[in-house]
>>> print(open('input.tsv').read())   # TSV, C-alpha atoms
chain	number	residue	atom	x	y	z
A	1	MET	CA	27.09	-19.17	-10.67
A	2	ALA	CA	28.42	-17.41	-7.58
A	3	PRO	CA	31.48	-15.21	-8.03
A	4	ALA	CA	33.66	-13.46	-5.53
A	5	THR	CA	33.42	-10.36	-7.74
A	6	PRO	CA	30.81	-9.26	-10.27
A	7	SER	CA	33.29	-9.66	-13.15
A	8	ALA	CA	33.10	-13.45	-13.28
A	9	ALA	CA	30.10	-15.73	-12.99
A	10	PRO	CA	30.74	-19.48	-13.07
A	11	GLU	CA	27.81	-21.79	-13.80
A	12	VAL	CA	27.96	-23.66	-10.49
A	13	ALA	CA	27.77	-21.96	-7.11
A	14	PRO	CA	30.50	-22.91	-4.64
A	15	ALA	CA	29.25	-24.22	-1.32
A	16	LYS	CA	31.90	-22.19	0.48
A	17	GLN	CA	31.62	-18.43	0.64
A	18	PRO	CA	34.11	-16.81	-1.77
A	19	ALA	CA	36.41	-14.07	-0.52
A	20	GLY	CA	34.80	-10.66	-0.84
A	21	ALA	CA	31.21	-11.89	-1.14
A	22	THR	CA	28.80	-9.58	0.68
A	23	GLY	CA	25.54	-10.98	-0.70
A	24	VAL	CA	23.91	-14.35	-1.16
A	25	LEU	CA	20.78	-15.93	-2.57
A	26	VAL	CA	19.73	-19.00	-0.59
A	27	LEU	CA	17.22	-21.22	-2.37
A	28	ALA	CA	14.91	-23.57	-0.50
A	29	ASP	CA	16.66	-26.61	-2.00
A	30	GLY	CA	19.92	-25.54	-0.34
A	31	THR	CA	21.57	-23.90	-3.37
A	32	LEU	CA	23.76	-20.92	-2.46
A	33	LEU	CA	24.47	-18.20	-5.02
A	34	TRP	CA	27.16	-15.83	-3.77
A	35	GLY	CA	27.72	-12.30	-5.02
A	36	ILE	CA	28.08	-8.65	-4.06
A	37	GLY	CA	25.29	-7.02	-2.07
A	38	TYR	CA	24.05	-3.48	-2.59
A	39	GLY	CA	21.06	-1.38	-1.62
A	40	ALA	CA	19.53	-2.19	1.75
A	41	ALA	CA	21.28	-4.53	4.18
A	42	GLY	CA	19.41	-7.44	5.72
A	43	ALA	CA	17.52	-10.48	4.46
A	44	ALA	CA	14.17	-10.94	2.72
A	45	VAL	CA	12.25	-14.03	1.64
A	46	GLY	CA	10.16	-14.43	-1.50
A	47	GLU	CA	9.59	-16.23	-4.77
A	48	VAL	CA	12.51	-15.85	-7.19
A	49	CYS	CA	11.30	-14.82	-10.65
A	50	PHE	CA	12.81	-13.18	-13.72
A	51	ASN	CA	11.83	-10.15	-15.78
A	52	THR	CA	12.97	-9.66	-19.38
A	53	ALA	CA	12.19	-5.92	-19.72
A	54	MET	CA	14.97	-3.71	-21.07
A	55	THR	CA	13.65	-0.54	-19.42
A	56	GLY	CA	11.65	0.49	-16.36
A	57	TYR	CA	13.54	-1.17	-13.51
A	58	GLN	CA	12.36	1.44	-11.01
A	59	GLU	CA	8.74	1.01	-12.08
A	60	ILE	CA	9.15	-2.77	-11.77
A	61	LEU	CA	10.61	-2.62	-8.29
A	62	THR	CA	7.81	-0.30	-7.07
A	63	ASP	CA	4.96	-2.26	-8.67
A	64	PRO	CA	2.94	-3.68	-5.73
A	65	SER	CA	2.23	-6.77	-7.84
A	66	TYR	CA	5.82	-7.81	-7.07
A	67	ALA	CA	5.18	-8.02	-3.32
A	68	GLY	CA	6.67	-11.24	-2.01
A	69	GLN	CA	9.01	-11.63	-5.01
A	70	ILE	CA	12.72	-11.35	-5.74
A	71	VAL	CA	13.20	-10.09	-9.30
A	72	THR	CA	16.04	-11.38	-11.47
A	73	PHE	CA	16.71	-8.91	-14.28
A	74	THR	CA	17.83	-10.55	-17.52
A	75	PHE	CA	18.89	-7.21	-19.03
A	76	PRO	CA	22.47	-6.42	-17.95
A	77	HIS	CA	22.29	-2.61	-17.73
A	78	ILE	CA	20.20	-2.15	-14.60
A	79	GLY	CA	20.75	1.15	-12.78
A	80	ASN	CA	22.43	3.07	-15.58
A	81	VAL	CA	19.85	5.88	-15.56
A	82	GLY	CA	19.62	6.13	-11.78
A	83	ALA	CA	16.35	6.72	-9.92
A	84	ASN	CA	13.96	9.63	-9.45
A	85	PRO	CA	10.67	10.30	-7.60
A	86	GLU	CA	8.56	10.58	-10.77
A	87	ASP	CA	9.22	6.99	-11.90
A	88	MET	CA	7.85	5.28	-8.80
A	89	GLU	CA	4.65	3.34	-9.35
A	90	ARG	CA	3.67	3.38	-5.71
A	91	GLY	CA	4.95	4.50	-2.34
A	92	VAL	CA	4.59	1.01	-0.87
A	93	HIS	CA	6.92	-1.94	-1.11
A	94	GLY	CA	6.83	-3.98	-4.27
A	95	ALA	CA	9.68	-6.42	-4.84
A	96	VAL	CA	11.67	-7.37	-1.75
A	97	GLY	CA	14.91	-7.71	-3.70
A	98	CYS	CA	16.55	-7.70	-7.11
A	99	ILE	CA	19.31	-9.73	-8.72
A	100	THR	CA	21.59	-8.34	-11.43
A	101	ARG	CA	24.55	-9.56	-13.44
A	102	GLU	CA	26.59	-6.40	-12.83
A	103	LEU	CA	26.84	-3.87	-10.04
A	104	PRO	CA	24.88	-0.75	-11.07
A	105	THR	CA	27.16	1.81	-12.67
A	106	ALA	CA	27.12	5.55	-12.00
A	107	PRO	CA	23.91	6.90	-13.57
A	108	SER	CA	23.99	8.88	-16.79
A	109	ASN	CA	20.65	10.63	-17.17
A	110	PHE	CA	19.51	14.22	-16.58
A	111	ARG	CA	16.45	13.02	-14.64
A	112	SER	CA	18.50	11.02	-12.13
A	113	VAL	CA	18.25	12.13	-8.49
A	114	GLN	CA	19.92	9.13	-6.82
A	115	THR	CA	21.94	6.12	-7.82
A	116	LEU	CA	19.97	2.88	-7.86
A	117	PRO	CA	21.82	1.46	-4.80
A	118	GLU	CA	21.16	4.68	-2.84
A	119	TRP	CA	17.49	4.63	-3.76
A	120	MET	CA	17.17	0.92	-2.92
A	121	ALA	CA	18.78	1.49	0.48
A	122	ASP	CA	16.23	4.22	1.20
A	123	GLN	CA	13.38	1.96	0.06
A	124	GLY	CA	14.56	-1.10	1.99
A	125	VAL	CA	15.13	-3.19	-1.16
A	126	ILE	CA	18.07	-5.63	-1.19
A	127	GLY	CA	20.26	-6.01	-4.29
A	128	LEU	CA	22.61	-8.81	-5.28
A	129	ALA	CA	25.11	-8.47	-8.15
A	130	GLY	CA	27.62	-10.84	-9.69
A	131	ILE	CA	25.09	-13.58	-10.35
A	132	ASP	CA	24.94	-15.43	-13.65
A	133	THR	CA	21.43	-14.22	-14.36
A	134	ARG	CA	21.26	-16.21	-17.60
A	135	ALA	CA	21.88	-19.46	-15.76
A	136	LEU	CA	19.43	-18.53	-12.98
A	137	THR	CA	16.78	-17.65	-15.57
A	138	ARG	CA	17.25	-21.02	-17.27
A	139	ARG	CA	16.84	-22.72	-13.92
A	140	ILE	CA	13.57	-20.87	-13.24
A	141	ARG	CA	12.34	-21.54	-16.78
A	142	ASP	CA	13.01	-25.28	-16.50
A	143	ALA	CA	12.24	-26.02	-12.85
A	144	GLY	CA	9.78	-23.24	-11.95
A	145	ALA	CA	10.11	-20.23	-9.65
A	146	PRO	CA	11.73	-21.32	-6.35
A	147	ASN	CA	11.35	-19.83	-2.90
A	148	GLY	CA	14.50	-18.17	-1.62
A	149	VAL	CA	16.12	-15.59	0.63
A	150	ILE	CA	18.18	-12.68	-0.65
A	151	ALA	CA	20.65	-11.31	1.90
A	152	HIS	CA	23.17	-8.46	2.02
A	153	SER	CA	25.71	-8.06	4.81
A	154	PRO	CA	28.37	-5.37	4.24
A	155	ASP	CA	30.75	-7.23	6.55
A	156	GLY	CA	30.19	-10.50	4.71
A	157	ARG	CA	28.82	-12.38	7.72
A	158	PHE	CA	25.83	-14.69	7.18
A	159	ASP	CA	24.02	-17.33	9.19
A	160	ILE	CA	23.32	-19.68	6.30
A	161	ASP	CA	21.36	-22.14	8.44
A	162	GLU	CA	19.02	-19.38	9.53
A	163	LEU	CA	18.60	-18.09	5.97
A	164	LEU	CA	17.90	-21.61	4.69
A	165	ALA	CA	15.28	-22.09	7.39
A	166	MET	CA	13.62	-18.83	6.27
A	167	ALA	CA	13.52	-20.03	2.66
A	168	ARG	CA	12.11	-23.43	3.57
A	169	GLY	CA	9.62	-22.03	6.06
A	170	TRP	CA	8.03	-19.52	3.67
A	171	PRO	CA	4.72	-20.92	2.35
A	172	GLY	CA	5.02	-19.46	-1.14
A	173	LEU	CA	2.54	-17.36	-3.13
A	174	GLU	CA	-0.06	-20.06	-3.69
A	175	GLY	CA	-2.90	-19.54	-1.23
A	176	LEU	CA	-1.42	-16.21	-0.06
A	177	ASP	CA	-3.47	-13.00	0.04
A	178	LEU	CA	-1.07	-10.07	-0.29
A	179	ALA	CA	-3.50	-7.42	-1.54
A	180	LYS	CA	-4.44	-6.20	1.93
A	181	GLY	CA	-0.80	-5.40	2.67
A	182	VAL	CA	-0.28	-3.16	-0.37
A	183	SER	CA	-3.75	-1.64	-0.81
A	184	ARG	CA	-4.51	1.93	0.14
A	185	ALA	CA	-6.05	2.03	3.59
A	186	ASP	CA	-8.38	4.98	2.95
A	187	THR	CA	-10.78	6.09	0.26
A	188	GLY	CA	-9.83	9.18	-1.73
A	189	ASP	CA	-10.20	11.02	-5.02
A	190	TRP	CA	-7.34	10.47	-7.43
A	191	THR	CA	-5.48	13.54	-8.64
A	192	GLY	CA	-3.00	13.57	-11.49
A	193	GLY	CA	-3.09	12.61	-15.15
A	194	ALA	CA	-0.53	11.61	-17.74
A	195	TRP	CA	3.13	12.66	-17.38
A	196	ALA	CA	4.95	14.90	-19.87
A	197	LEU	CA	8.63	15.81	-19.98
A	198	GLY	CA	9.23	19.18	-18.38
A	199	GLN	CA	5.62	19.43	-17.25
A	200	GLY	CA	5.19	16.57	-14.79
A	201	TYR	CA	1.74	15.08	-14.23
A	202	ALA	CA	-1.38	16.68	-15.69
A	203	SER	CA	-4.41	17.63	-13.60
A	204	ALA	CA	-7.22	15.15	-13.10
A	205	GLY	CA	-10.00	17.19	-14.72
A	206	GLY	CA	-13.42	18.21	-13.45
A	207	ASP	CA	-16.39	16.54	-11.79
A	208	ALA	CA	-18.43	16.36	-15.02
A	209	ARG	CA	-16.44	13.34	-16.17
A	210	PRO	CA	-17.75	9.76	-15.84
A	211	HIS	CA	-17.05	8.55	-12.31
A	212	VAL	CA	-14.91	5.43	-11.96
A	213	VAL	CA	-14.49	3.77	-8.57
A	214	ALA	CA	-11.19	1.91	-8.61
A	215	ILE	CA	-10.73	-0.97	-6.16
A	216	ASP	CA	-7.08	-1.00	-5.14
A	217	TYR	CA	-5.72	-4.53	-4.77
A	218	GLY	CA	-2.18	-3.19	-5.21
A	219	ALA	CA	-2.60	-0.85	-8.16
A	220	LYS	CA	0.08	0.92	-10.14
A	221	ASP	CA	-0.49	4.66	-10.09
A	222	ASN	CA	-0.07	4.88	-13.85
A	223	ILE	CA	-3.30	2.92	-14.28
A	224	PHE	CA	-5.24	5.69	-12.53
A	225	ARG	CA	-3.45	8.28	-14.67
A	226	ASN	CA	-4.55	6.44	-17.81
A	227	LEU	CA	-8.14	6.34	-16.61
A	228	VAL	CA	-7.92	10.12	-16.17
A	229	LYS	CA	-6.31	10.49	-19.59
A	230	ALA	CA	-9.19	8.51	-21.09
A	231	GLY	CA	-11.66	10.98	-19.58
A	232	ALA	CA	-12.66	9.60	-16.16
A	233	ARG	CA	-12.93	11.04	-12.67
A	234	VAL	CA	-11.44	8.46	-10.30
A	235	THR	CA	-12.14	7.57	-6.67
A	236	VAL	CA	-9.91	4.90	-5.14
A	237	VAL	CA	-11.20	2.53	-2.46
A	238	PRO	CA	-9.33	-0.14	-0.45
A	239	ALA	CA	-9.19	-3.79	-1.47
A	240	THR	CA	-11.50	-4.71	1.41
A	241	ALA	CA	-14.23	-2.20	0.48
A	242	THR	CA	-17.69	-3.77	0.75
A	243	LEU	CA	-20.28	-3.71	-1.99
A	244	ASP	CA	-22.26	-1.07	-0.10
A	245	GLU	CA	-19.14	1.07	0.27
A	246	VAL	CA	-18.42	0.88	-3.46
A	247	LEU	CA	-22.03	1.64	-4.38
A	248	SER	CA	-22.15	4.59	-1.96
A	249	HIS	CA	-19.90	6.52	-4.36
A	250	LYS	CA	-22.49	6.13	-7.15
A	251	PRO	CA	-20.00	4.85	-9.73
A	252	ASP	CA	-20.65	4.96	-13.45
A	253	GLY	CA	-18.15	2.11	-13.67
A	254	VAL	CA	-15.82	0.12	-11.43
A	255	PHE	CA	-12.18	-0.70	-12.11
A	256	LEU	CA	-10.57	-3.85	-10.66
A	257	SER	CA	-6.84	-3.29	-10.25
A	258	ASN	CA	-3.73	-5.39	-10.47
A	259	GLY	CA	-2.09	-6.72	-7.32
A	260	PRO	CA	0.06	-9.48	-5.80
A	261	GLY	CA	-0.62	-12.94	-4.44
A	262	ASP	CA	-3.07	-15.72	-5.21
A	263	PRO	CA	-6.32	-14.47	-6.80
A	264	ALA	CA	-8.29	-17.27	-5.14
A	265	ALA	CA	-7.13	-16.07	-1.70
A	266	THR	CA	-7.90	-12.40	-2.37
A	267	GLY	CA	-11.14	-13.50	-4.00
A	268	GLU	CA	-12.48	-14.73	-0.68
A	269	TYR	CA	-13.55	-11.16	0.08
A	270	ALA	CA	-13.27	-9.53	-3.37
A	271	VAL	CA	-15.29	-11.93	-5.52
A	272	PRO	CA	-18.61	-11.43	-3.65
A	273	VAL	CA	-18.25	-7.69	-4.27
A	274	ILE	CA	-17.55	-8.28	-7.97
A	275	ARG	CA	-20.56	-10.57	-8.28
A	276	GLY	CA	-22.74	-7.94	-6.64
A	277	LEU	CA	-21.56	-5.38	-9.18
A	278	LEU	CA	-22.26	-7.80	-12.04
A	279	ASP	CA	-25.77	-8.45	-10.70
A	280	ARG	CA	-26.41	-4.69	-10.88
A	281	ASP	CA	-25.03	-4.41	-14.44
A	282	ILE	CA	-22.39	-1.89	-13.40
A	283	PRO	CA	-19.65	-1.67	-16.08
A	284	LEU	CA	-16.41	-3.36	-15.02
A	285	PHE	CA	-12.84	-3.29	-16.29
A	286	GLY	CA	-10.15	-5.48	-14.70
A	287	ILE	CA	-6.39	-5.73	-15.11
A	288	CYS	CA	-4.12	-8.61	-14.01
A	289	LEU	CA	-5.31	-9.68	-10.52
A	290	GLY	CA	-8.58	-7.88	-11.25
A	291	HIS	CA	-8.88	-9.93	-14.45
A	292	GLN	CA	-8.28	-13.16	-12.58
A	293	MET	CA	-10.86	-12.37	-9.91
A	294	LEU	CA	-13.43	-11.37	-12.54
A	295	GLY	CA	-12.81	-14.81	-14.04
A	296	ILE	CA	-13.42	-16.46	-10.67
A	297	ALA	CA	-16.55	-14.34	-10.16
A	298	VAL	CA	-18.12	-15.73	-13.34
A	299	GLY	CA	-17.25	-19.34	-12.52
A	300	ALA	CA	-13.79	-19.92	-14.00
A	301	ARG	CA	-10.73	-21.19	-12.13
A	302	THR	CA	-7.23	-19.77	-11.80
A	303	VAL	CA	-4.01	-21.79	-11.80
A	304	LYS	CA	-0.45	-21.19	-10.60
A	305	MET	CA	1.85	-20.90	-13.60
A	306	HIS	CA	5.14	-22.76	-13.96
A	307	GLN	CA	7.24	-19.60	-14.27
A	308	GLY	CA	4.79	-16.78	-14.91
A	309	HIS	CA	4.96	-13.95	-17.42
A	310	ARG	CA	7.12	-10.94	-16.52
A	311	GLY	CA	8.49	-8.57	-19.11
A	312	ALA	CA	7.67	-5.87	-21.65
A	313	ASN	CA	7.77	-7.88	-24.86
A	314	HIS	CA	4.85	-10.31	-24.57
A	315	PRO	CA	2.80	-10.73	-27.77
A	316	VAL	CA	-0.95	-11.02	-27.17
A	317	GLN	CA	-3.47	-11.69	-29.95
A	318	ARG	CA	-7.00	-10.27	-30.04
A	319	ALA	CA	-9.63	-12.81	-31.00
A	320	GLU	CA	-11.94	-10.35	-32.73
A	321	ASP	CA	-9.54	-9.28	-35.49
A	322	GLY	CA	-6.27	-11.20	-35.02
A	323	VAL	CA	-4.30	-8.04	-34.22
A	324	VAL	CA	-1.20	-8.64	-32.07
A	325	GLU	CA	-0.39	-6.24	-29.24
A	326	ILE	CA	3.08	-6.10	-27.64
A	327	THR	CA	2.33	-5.94	-23.95
A	328	SER	CA	3.85	-5.63	-20.50
A	329	MET	CA	3.08	-8.48	-18.10
A	330	ASN	CA	3.66	-9.40	-14.48
A	331	HIS	CA	1.72	-12.40	-13.24
A	332	GLY	CA	2.33	-15.85	-11.80
A	333	PHE	CA	-1.31	-16.99	-11.92
A	334	ALA	CA	-3.65	-17.27	-14.91
A	335	VAL	CA	-7.30	-17.84	-15.72
A	336	ASP	CA	-7.78	-21.39	-17.02
A	337	ALA	CA	-9.51	-20.81	-20.37
A	338	ALA	CA	-10.88	-24.36	-20.35
A	339	THR	CA	-13.03	-23.47	-17.34
A	340	LEU	CA	-14.69	-20.37	-18.82
A	341	PRO	CA	-18.46	-20.87	-18.66
A	342	ALA	CA	-21.01	-20.19	-21.40
A	343	GLY	CA	-21.53	-16.49	-21.89
A	344	VAL	CA	-17.90	-15.61	-21.15
A	345	VAL	CA	-15.74	-15.06	-24.23
A	346	GLU	CA	-11.95	-15.32	-24.44
A	347	THR	CA	-10.89	-12.05	-26.06
A	348	HIS	CA	-7.09	-12.27	-25.89
A	349	LYS	CA	-4.46	-15.00	-25.63
A	350	SER	CA	-0.71	-15.17	-25.23
A	351	LEU	CA	1.27	-16.08	-28.33
A	352	PHE	CA	4.06	-17.38	-26.10
A	353	ASP	CA	2.12	-20.22	-24.49
A	354	GLY	CA	-1.54	-19.82	-25.49
A	355	SER	CA	-2.65	-18.89	-21.97
A	356	ASN	CA	-5.70	-16.72	-21.44
A	357	CYS	CA	-5.10	-12.96	-21.54
A	358	GLY	CA	-8.58	-11.48	-21.68
A	359	ILE	CA	-12.29	-12.14	-21.21
A	360	ALA	CA	-15.60	-10.37	-21.86
A	361	ILE	CA	-19.03	-11.19	-20.49
A	362	THR	CA	-21.76	-11.44	-23.08
A	363	GLY	CA	-24.61	-8.99	-22.52
A	364	LYS	CA	-22.71	-6.88	-19.99
A	365	LYS	CA	-20.19	-4.05	-20.09
A	366	ALA	CA	-17.65	-6.17	-18.24
A	367	PHE	CA	-14.26	-7.16	-19.56
A	368	SER	CA	-10.69	-7.64	-18.37
A	369	VAL	CA	-7.16	-8.35	-19.56
A	370	GLN	CA	-4.25	-10.19	-18.00
A	371	TYR	CA	-1.60	-7.75	-19.16
A	372	HIS	CA	-0.83	-4.12	-18.22
A	373	PRO	CA	-2.18	-1.73	-20.88
A	374	GLU	CA	-0.88	1.29	-18.94
A	375	ALA	CA	2.76	0.24	-19.18
A	376	SER	CA	3.37	1.31	-22.82
A	377	PRO	CA	6.49	-0.79	-23.54
A	378	GLY	CA	6.85	1.01	-26.87
A	379	PRO	CA	3.87	2.06	-29.00
A	380	GLN	CA	0.75	2.47	-26.89
A	381	ASP	CA	-0.83	-0.66	-28.36
A	382	SER	CA	-3.32	-1.18	-25.56
A	383	PHE	CA	-4.49	2.29	-24.50
A	384	TYR	CA	-7.69	1.65	-26.45
A	385	LEU	CA	-8.87	-0.49	-23.52
A	386	PHE	CA	-9.07	2.57	-21.25
A	387	GLU	CA	-10.91	4.47	-23.98
A	388	LYS	CA	-13.30	1.55	-24.48
A	389	PHE	CA	-14.13	1.39	-20.78
A	390	VAL	CA	-14.46	5.11	-20.06
A	391	GLY	CA	-16.12	5.82	-23.42
A	392	GLY	CA	-18.87	3.33	-22.60
A	393	LEU	CA	-19.82	4.93	-19.29
A	394	ARG	CA	-22.72	7.22	-18.58
A	395	LYS	CA	-21.66	10.86	-18.70
A	396	GLY	CA	-22.45	13.26	-15.87
>>> encode(input="input.tsv", output="structure tokens")
Amino acid sequence: MAPATPSAAPEVAPAKQPAGATGVLVLADGTLLWGIGYGAAGAAVGEVCFNTAMTGYQEILTDPSYAGQIVTFTFPHIGNVGANPEDMERGVHGAVGCITRELPTAPSNFRSVQTLPEWMADQGVIGLAGIDTRALTRRIRDAGAPNGVIAHSPDGRFDIDELLAMARGWPGLEGLDLAKGVSRADTGDWTGGAWALGQGYASAGGDARPHVVAIDYGAKDNIFRNLVKAGARVTVVPATATLDEVLSHKPDGVFLSNGPGDPAATGEYAVPVIRGLLDRDIPLFGICLGHQMLGIAVGARTVKMHQGHRGANHPVQRAEDGVVEITSMNHGFAVDAATLPAGVVETHKSLFDGSNCGIAITGKKAFSVQYHPEASPGPQDSFYLFEKFVGGLRKG
């Protein structure tokens, strides 16, 4: 599972560093996976997960929800369309590293501005190639997502004891609030709508639109663009915004964004705000971390998942009509459906494992989903959620 070159990937990692290895993944249990480093040099610690998406590697790596994680890509052709400024989800760090089967090839796409390794070096993201990603994915699937350190040293020199100590000393995602580190620090009006080839991003529209205040726990920019596309005017506030600060903008509705870390930890300061908004009957729409914290706010519990859901092919079924949506997901925690109180309805569930993927609060305009309806991993199955939220807001 640790080759000297990216062309061969044995199932078992050798304890001794192979000749030519310039990268390594050190797991907290002492496993060493040797390979070829690319992108940024250095070392970074995080939870090792896998993503099954066949497209969108740049969006994945710049999704703030991946803060504190090392992404293993199961699709072999990562980097073949290069990187460009338009495909970044945010200008803050998402994933700390990525693991691929092959070294990225020279890009072949007219939109490419940089190769993936060049772009990763600029962004401070470490890459590791030559790993048997199929075997690593099986390990995560069976044993759960481990803590680890990804390291790249162009001269091939590593202090394995130090890297192992980093992996073992990292507390993991459970109990960790990461939203403050990736949230916008200042309040501001959002500008920019949906993207079109040859045209870039559309304008955000005028002030007559329903006003949505979006709380940024680590949001993807494309979520705000979809709110604009659905007809909203958007103001973004930091994750730590107080109830009074949110209300001062006179919102017609409030959006609760995605983000990284443990929802129970972020909920220490976010949930009281959400409960205050519910008490005032302000319409709410939550995605991913926002969904989980809305669940906590109404009395449900969240749980750490064995391996999480990360990919662009996750089937989710709507309870109201049985329709199945193919969705994009990125989460390692979930709302425990068994703890939903009376008056809270489960609206969506995963067809992979039956876990909760959506709730609605009876008698209120408040709902949320676990998946990412803005990601459009094919047909835009889930855009109706933005239209439902914005369409139900007071105009003017």
>>> atom_distance(input="input.tsv", atom1="CA of His348 in chain A", atom2="CA of Ser382 in chain A")
11.7 Å
>>> closest_residue(input="input.tsv", among="A:Gly46, A:Ile274, A:Val212, A:Ala179", to="Leu163 in chain A", atoms="only C-alpha atoms")
A:Gly46
>>> atom_distance(input="input.tsv", atom1="CA of Pro154 in chain A", atom2="CA of Ala95 in chain A")
20.8 Å
>>> residues_near_point(input="input.tsv", point="(3.3, 0.5, -25.6)", cutoff="12 Å", atoms="all atoms listed in the file", output="count of residues only")
23
>>> closest_atom_pairs(input="input.tsv", of="range 120-204 of chain A", to="range 287-305 of chain A", cutoff="12 Å", atoms="all atoms listed in the file", output="CSV")
residue,atom,partner,partner_atom,distance
A:Ile140,CA,A:Met305,CA,11.7
A:Arg141,CA,A:Met305,CA,11.0
A:Ala143,CA,A:Met305,CA,11.6
A:Gly144,CA,A:Met305,CA,8.4
A:Ala145,CA,A:Met305,CA,9.2
A:Gly172,CA,A:Lys304,CA,11.1
A:Leu173,CA,A:Lys304,CA,8.9
A:Glu174,CA,A:Lys304,CA,7.0
A:Gly175,CA,A:Lys304,CA,9.8
A:Leu176,CA,A:Lys304,CA,11.7
A:Asp177,CA,A:Leu289,CA,11.2
A:Leu178,CA,A:Leu289,CA,11.1
A:Ala179,CA,A:Leu289,CA,9.4
>>> closest_residue(input="input.tsv", among="A:Ala185, A:Ala241, A:Asp155, A:Phe389", to="Phe255 in chain A", atoms="only C-alpha atoms")
A:Phe389
>>> closest_residue(input="input.tsv", among="A:Asn330, A:Ser203, A:Thr187, A:Gln114", to="Pro64 in chain A", atoms="only C-alpha atoms")
A:Asn330
>>> closest_residue(input="input.tsv", among="A:Leu103, A:Ile60, A:Val271, A:Val24", to="Asn80 in chain A", atoms="all atoms listed in the file")
A:Leu103
>>> closest_residue(input="input.tsv", among="A:His152, A:Arg233, A:Arg90, A:Arg101", to="Ala121 in chain A", atoms="all atoms listed in the file")
A:His152
>>> atom_distance(input="input.tsv", atom1="CA of Ile215 in chain A", atom2="CA of His306 in chain A")
28.1 Å
>>> residues_around(input="input.tsv", residues="Met88 in chain A", least_positions_apart="3", cutoff="6 Å", atoms="all atoms listed in the file", output="PyMOL selection string")
chain A and resi 59+62+85
>>> residues_around(input="input.tsv", residues="range 234-237 of chain A", least_positions_apart="4", cutoff="9 Å", atoms="only C-alpha atoms", output="list in words")
Ser183, Arg184, Ala185, Asp186, Thr187, Gly188, Asp189, Trp190, Thr191, Ala204, Pro210, His211, Val212, Val213, Ala214, Ile215, Asp216, Phe224, Leu227, Val228, Ala241, Glu245, Val246, His249 and Pro251 of chain A
>>> decode(input="input.tsv", residues="range 254-267 of chain A", atoms="N, CA and C atoms", output="JSON list (two decimals), in the first residue's frame")
[["chain", "number", "residue", "atom", "x", "y", "z"],
["A", 254, "VAL", "N", -33.63, 33.56, 7.58],
["A", 254, "VAL", "CA", -32.24, 33.34, 7.98],
["A", 254, "VAL", "C", -31.78, 31.98, 7.46],
["A", 255, "PHE", "N", -30.60, 31.98, 6.85],
["A", 255, "PHE", "CA", -29.99, 30.75, 6.34],
["A", 255, "PHE", "C", -28.88, 30.30, 7.28],
["A", 256, "LEU", "N", -28.86, 29.00, 7.59],
["A", 256, "LEU", "CA", -27.84, 28.39, 8.45],
["A", 256, "LEU", "C", -26.93, 27.54, 7.57],
["A", 257, "SER", "N", -25.67, 27.93, 7.47],
["A", 257, "SER", "CA", -24.80, 27.33, 6.45],
["A", 257, "SER", "C", -24.18, 26.01, 6.90],
["A", 258, "ASN", "N", -23.52, 25.40, 5.93],
["A", 258, "ASN", "CA", -22.65, 24.25, 6.19],
["A", 258, "ASN", "C", -21.41, 24.71, 6.95],
["A", 259, "GLY", "N", -20.58, 23.76, 7.35],
["A", 259, "GLY", "CA", -19.33, 24.07, 8.02],
["A", 259, "GLY", "C", -18.69, 22.83, 8.59],
["A", 260, "PRO", "N", -17.48, 22.96, 9.14],
["A", 260, "PRO", "CA", -16.73, 21.80, 9.64],
["A", 260, "PRO", "C", -16.94, 21.57, 11.13],
["A", 261, "GLY", "N", -16.42, 20.46, 11.61],
["A", 261, "GLY", "CA", -16.35, 20.20, 13.04],
["A", 261, "GLY", "C", -17.61, 19.56, 13.61],
["A", 262, "ASP", "N", -17.63, 19.51, 14.94],
["A", 262, "ASP", "CA", -18.70, 18.86, 15.69],
["A", 262, "ASP", "C", -19.84, 19.86, 15.89],
["A", 263, "PRO", "N", -21.06, 19.53, 15.43],
["A", 263, "PRO", "CA", -22.17, 20.47, 15.58],
["A", 263, "PRO", "C", -22.49, 20.78, 17.04],
["A", 264, "ALA", "N", -22.27, 19.83, 17.93],
["A", 264, "ALA", "CA", -22.54, 20.09, 19.35],
["A", 264, "ALA", "C", -21.59, 21.15, 19.90],
["A", 265, "ALA", "N", -20.34, 21.16, 19.41],
["A", 265, "ALA", "CA", -19.37, 22.16, 19.88],
["A", 265, "ALA", "C", -19.71, 23.54, 19.33],
["A", 266, "THR", "N", -19.97, 23.63, 18.03],
["A", 266, "THR", "CA", -20.36, 24.90, 17.45],
["A", 266, "THR", "C", -21.70, 25.37, 18.02],
["A", 267, "GLY", "N", -22.55, 24.42, 18.33],
["A", 267, "GLY", "CA", -23.86, 24.74, 18.87],
["A", 267, "GLY", "C", -23.84, 25.44, 20.22]]
